[in-house]
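J.: Just dropping this structure here.
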Amino acid sequence: MRTRRFAIAASLALAACSFDILNTNQPTQGDLLGDPTRDKLTAAATGVMSTARTGMGSFIWRLGSMGREGINLSGNNQPDYSEPYFGPVQSGGSFGGLQWLDRYQSVRTANIYLQALANNVNLSGPDRLSDAERAASRGMANTYKALAFLYVIETRAQLGAPVDVDRTVAQGPAPWVTEDSVYGYIIGLLDSARTDLATADSTPFPFSIPPGLAAFSLPVDFIKFNRALAAKANVLRSTALTGCHGAPATCYAAALTALGQSFLNAAPAAFANAANLDFSTAPGDQTNGLSEPLDGSTFFALTDNIADAETQTSGKKDQRVLDKIDSATVVQRLGGISIPGELKFTIYFTNGSADANHPIPIIKDEELVLLRSEASWFTGAKAQAVADLNLVRQNSGLLPPSTVTIASSDAAFITALLYERRFSLLWEQGTRWIDARRFGLLATIPADVANGNVPDVMPVPITECQARNLATKTIGDVVTCTPLSP
């Protein structure tokens with residue numbers, strides 16, 4: 001997906017935004033909103049999908065650092081490499097701040113596109129989209145908007161976040177809402193998008209779908225991607241603070257319904273099927289910076305991954321570890337931290353070599369099976385839950401069946417589930433840290449350094465605190481303000 005970048009005259013809180021768009025004429029925001037022709041909307045839709053990629057490499061390594069999956073030892077990111085290990089994580093630093101602005105820029109891009117799309121009804125002739133095309137376009141944009149908010153709340157959790165951000169500076173900062181309310185908003189966006197996609201049905205999108213979403217190239221197919229995200233949002237909401245308004249089983253049940261409408265396929269051969277973010281080395285495009293050769297000096301896997309991996313009957317370690325990690329050909333050492341870079345991630349390799357074009361999964365079939373396992377267990381379908389757990393464990397890890405049975409305790413099941421999710425999704429989305437937090441198990445992640453600590457959340461950026469005249473304070477190992485309880 002090639003893009004061109006241009007500034008738009010919009011603001012989010014006090015920050016200017018920009019968005020990626022495939023348009024060699026580089027129209028202004030006013031031009032897009034005032035004369036939203038078919039070509040301009042096509043370019044703007046490309047921008048909506050493109051911005052979902054922005055900062056995702058940073059998202060993965062930063063969350064992966066907090067979950068002790070890996071570390072950045074380039075030496076160019078201090079204190080980024082040290083904050084998740086030693087703390088405190090600062091509200092004014094880049095460690096958490098980037099995982100806020102990138103995502104809200106994506107939201108702002110979607111909002112502008114949706115406004116332009118609504119204005120298109122005033123045009124005539126070939127520049128006017130059909131009702132079905134507008135429905136398909138809304139469905140795409142609101143799905144991506146929901147994805148951006150999902151990344152925000154995964155990192156801030158109980159701190160909550162603002163969702164009503166389509167505001168002018170004169171209206172002031174967007175109101176803050178609870179974690180449960182953010183998930184509710186995400187699910188509402190996804191449900192609205194599903195309705196629009198169903199209305200469009202087999203009408204082609206009036207723009208190109210990126211290669212990573214080739215399996216969802218028609219609105220009726222895009223619903224399967226949308227429902228996969230809805231399932232994940234409902235599962236995460238179930239374990240949020242006051243999850244699902246205190247009735248987690250309700251959201252788990254909703255997750256199972258969504259999974260039945262998603263691209264879930266229980267066949268092991270389909271585990272790698274995914275909705276992907278695309279990257280490319282083409283001029284002007286974004287590359288996958290997480291993919292570097294075995295002699296690279298930036299990203300390294302922690303030895304904990306090897307030590308904690310269970311053993312196949314052959315005596316080898318969990319196959320997922322063998323597939324995703326290899327020895328570094330050059331050991332990297334950085335002053336100030338005792339962790340040497342001895343292992344490299346190979347998850348984004350192609351044919352055994354680093355590949356900056358390699359896609360990153362947004363969500364894949366293997367995760368859907370594990371989401372079904374969790375939702376099934378907590379809605380009483382424990383036999384299905386155990387079966388799904390073993391399906392992944394035995395086929396992806398090549399491990400013997402789990403010792404968990406339908407008679408096991410919730411704690412035992414959670415331990416087994418989090419093991420499978422950790423290694424199936426290693427270095428893809430910060431899963432270990434997110435899961436440990438949502439189940440109250442952050443203490444099970446080792447500090448790995450003397451006097452170290454694992455942060456509870458990422459902070460609210462200092463600009464958001466200042467816009468609301470809120471002082472920062474230290475919560476655990478994180479310096480942040482708390483807009484819900486200032």
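In the structure tokens, chains take letters A, B, ... by order of appearance, with residues numbered from 1 within each chain and ligands from 1 in the order shown.
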At a cut-off of 10 Å, can you tabulate as a Markdown table every residue of range 367-469 of chain A near range 42-59 of chain A together with its closest atom pair and the distance in Å to one decimal, using only C-alpha atoms and ordering rows by chain then number?

T.:
```
| residue | atom | partner | partner_atom | distance |
| --- | --- | --- | --- | --- |
| A:Trp427 | CA | A:Gly57 | CA | 9.8 |
| A:Glu428 | CA | A:Gly57 | CA | 9.0 |
| A:Gln429 | CA | A:Phe59 | CA | 7.3 |
| A:Gly430 | CA | A:Phe59 | CA | 7.8 |
```

J.: Pull the strand (DSSP E or B) assignments for range 124-255 of chain A out of DSSP run on the backbone, and list those residues as a ChimeraX atom specification.

T.: /A:161-162,176-177

J.: If you keep N, CA and C atoms, can you produce a file of those selected residues as a PDB file, in the first residue's frame?

T.:
```pdb
ATOM      1  N   ALA A 161     -10.199   6.159  28.658  1.00  0.00           N
ATOM      2  CA  ALA A 161      -9.751   6.960  27.524  1.00  0.00           C
ATOM      3  C   ALA A 161     -10.913   7.779  26.988  1.00  0.00           C
ATOM      4  N   PRO A 162     -10.636   8.809  26.187  1.00  0.00           N
ATOM      5  CA  PRO A 162     -11.717   9.551  25.520  1.00  0.00           C
ATOM      6  C   PRO A 162     -12.128   8.861  24.228  1.00  0.00           C
ATOM      7  N   TRP A 176     -13.560  12.017  29.252  1.00  0.00           N
ATOM      8  CA  TRP A 176     -12.937  10.721  29.538  1.00  0.00           C
ATOM      9  C   TRP A 176     -14.003   9.722  29.964  1.00  0.00           C
ATOM     10  N   VAL A 177     -13.880   8.474  29.537  1.00  0.00           N
ATOM     11  CA  VAL A 177     -14.837   7.446  29.949  1.00  0.00           C
ATOM     12  C   VAL A 177     -14.090   6.227  30.470  1.00  0.00           C
TER      13      VAL A 177
END
```

J.: Considering only C-alpha atoms, return as a list in words whatever protein or nucleic-acid residues lie within 9 Å of range 431-444 of chain A, sequence-local ones (same chain, fewer than 5 positions apart) excluded.

T.: Leu63, Gly64, Ser65, Met66, Gly67, Arg68, Glu69, Glu154, Thr155, Ala157, Leu236, Thr239, Ala240, Leu241, Ile414, Leu418, Tyr419, Arg421, Arg422, Phe423, Leu425, Leu426, Val454, Pro455, Asp456 and Val457 of chain A

J.: Keeping C-alpha atoms for every residue in the selection just given, could you write it to a file as a short mmCIF file (atom, residue, chain, number, x, y, z; two decimals), in the first residue's frame?

T.:
```cif
data_model
loop_
_atom_site.label_atom_id
_atom_site.label_comp_id
_atom_site.auth_asym_id
_atom_site.auth_seq_id
_atom_site.Cartn_x
_atom_site.Cartn_y
_atom_site.Cartn_z
CA LEU A 63 4.37 -4.00 24.89
CA GLY A 64 6.65 -6.96 24.29
CA SER A 65 9.23 -5.32 26.53
CA MET A 66 6.72 -4.90 29.36
CA GLY A 67 5.74 -8.54 28.95
CA ARG A 68 9.38 -9.63 28.88
CA GLU A 69 9.06 -11.12 25.40
CA GLU A 154 -5.40 -2.39 25.58
CA THR A 155 -2.57 -0.16 26.75
CA ALA A 157 -6.91 -0.41 30.68
CA LEU A 236 -11.19 -8.35 26.58
CA THR A 239 -11.96 -9.20 32.01
CA ALA A 240 -11.88 -5.38 32.15
CA LEU A 241 -12.49 -3.44 35.34
CA ILE A 414 -6.30 -19.47 32.99
CA LEU A 418 -2.21 -17.81 28.98
CA TYR A 419 0.63 -20.20 28.18
CA ARG A 421 -1.69 -17.39 24.02
CA ARG A 422 1.80 -16.30 25.02
CA PHE A 423 3.59 -18.61 22.60
CA LEU A 425 1.07 -14.74 19.70
CA LEU A 426 4.67 -14.11 20.75
CA VAL A 454 6.65 -4.60 35.34
CA PRO A 455 4.39 -1.58 34.63
CA ASP A 456 0.63 -1.93 35.14
CA VAL A 457 -0.41 0.33 32.25
#
```

J.: What lies within 12 Å of Pro126 in chain A using only C-alpha atoms, ignoring chain neighbours under 6 positions off, as number ranges by chain?

T.: A: 36-39, 120, 206

J.: From the options A:Lys232, A:Lys344, A:Arg333, A:Lys317, which residue's atoms come nearest to Leu302 in chain A, counting only C-alpha atoms?

T.: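 Looking only at the distances to Leu302 in chain A, the closest residue turns out to be A:Lys344.
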
J.: Would you list the contacts of Glu83 in chain A as a PyMOL selection string, taking every protein, DNA or RNA residue within 12 Å and counting only C-alpha atoms, but skipping same-chain residues closer than 2 positions in sequence?

T.: chain A and resi 62-63+65-66+71-72+77-81+85-91+93-96+336-337+447+449+452-455+458-459+477-479

J.: Keeping C-alpha atoms for every residue in the selection just given, could you write it to a file as a CSV table (one decimal), in the first residue's frame?

T.:
```
chain,number,residue,atom,x,y,z
A,62,ARG,CA,7.2,-1.7,23.6
A,63,LEU,CA,4.4,-4.0,24.9
A,65,SER,CA,9.2,-5.3,26.5
A,66,MET,CA,6.7,-4.9,29.4
A,71,ILE,CA,14.0,-5.9,24.3
A,72,ASN,CA,15.3,-3.1,22.2
A,77,ASN,CA,16.1,4.7,22.3
A,78,GLN,CA,17.1,5.4,25.9
A,79,PRO,CA,15.2,5.6,28.1
A,80,ASP,CA,12.8,3.6,26.1
A,81,TYR,CA,14.6,0.3,26.6
A,85,TYR,CA,12.4,-2.7,33.0
A,86,PHE,CA,13.4,-0.2,35.6
A,87,GLY,CA,10.6,2.4,35.5
A,88,PRO,CA,9.2,4.8,36.0
A,89,VAL,CA,7.3,4.9,32.7
A,90,GLN,CA,6.9,8.7,32.1
A,91,SER,CA,3.8,10.4,30.9
A,93,GLY,CA,8.2,10.3,27.3
A,94,SER,CA,7.9,8.5,24.0
A,95,PHE,CA,7.4,5.1,25.5
A,96,GLY,CA,3.7,5.5,26.1
A,336,GLY,CA,23.1,0.0,32.1
A,337,ILE,CA,21.1,-3.2,31.6
A,447,ALA,CA,11.4,-8.3,36.4
A,449,VAL,CA,16.7,-7.1,36.2
A,452,GLY,CA,13.2,-3.9,38.1
A,453,ASN,CA,9.4,-3.7,37.8
A,454,VAL,CA,6.6,-4.6,35.3
A,455,PRO,CA,4.4,-1.6,34.6
A,458,MET,CA,1.0,2.8,29.8
A,459,PRO,CA,0.6,6.4,31.0
A,477,ASP,CA,5.6,2.2,38.3
A,478,VAL,CA,3.9,4.6,36.0
A,479,VAL,CA,3.8,8.4,36.1
```

J.: If you count only C-alpha atoms, which residues fall within 6 Å of range 264-274 of chain A, apart from same-chain ones fewer than 3 positions away, as a count of residues only?

T.: 5

J.: Quick one: pull the distance between CA of Val163 in chain A and CA of Pro175 in chain A, Å, one decimal.

T.: 7.6 Å

J.: Go through A:Asp191, A:Glu374, A:Asp35, A:Asp102 one by one, measure the shortest atom-to-atom distance of each to Ala148 in chain A using only C-alpha atoms, and give the residue with the smallest value.

T.: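 Checking each of A:Asp191, A:Glu374, A:Asp35, A:Asp102 against Ala148 in chain A, counting only C-alpha atoms, the winner is A:Asp102.
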
J.: Provide the CA of Ala228 in chain A to CA of Ala275 in chain A distance in Å, to one decimal place.

T.: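 Result for CA of Ala228 in chain A versus CA of Ala275 in chain A: 9.4 Å, one decimal.
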
J.: Could you check which of A:Leu101, A:Val404, A:Ala249, A:Ile112 is closest to Arg167 in chain A, using only C-alpha atoms?

T.: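 Closest residue, counting only C-alpha atoms: A:Ile112.
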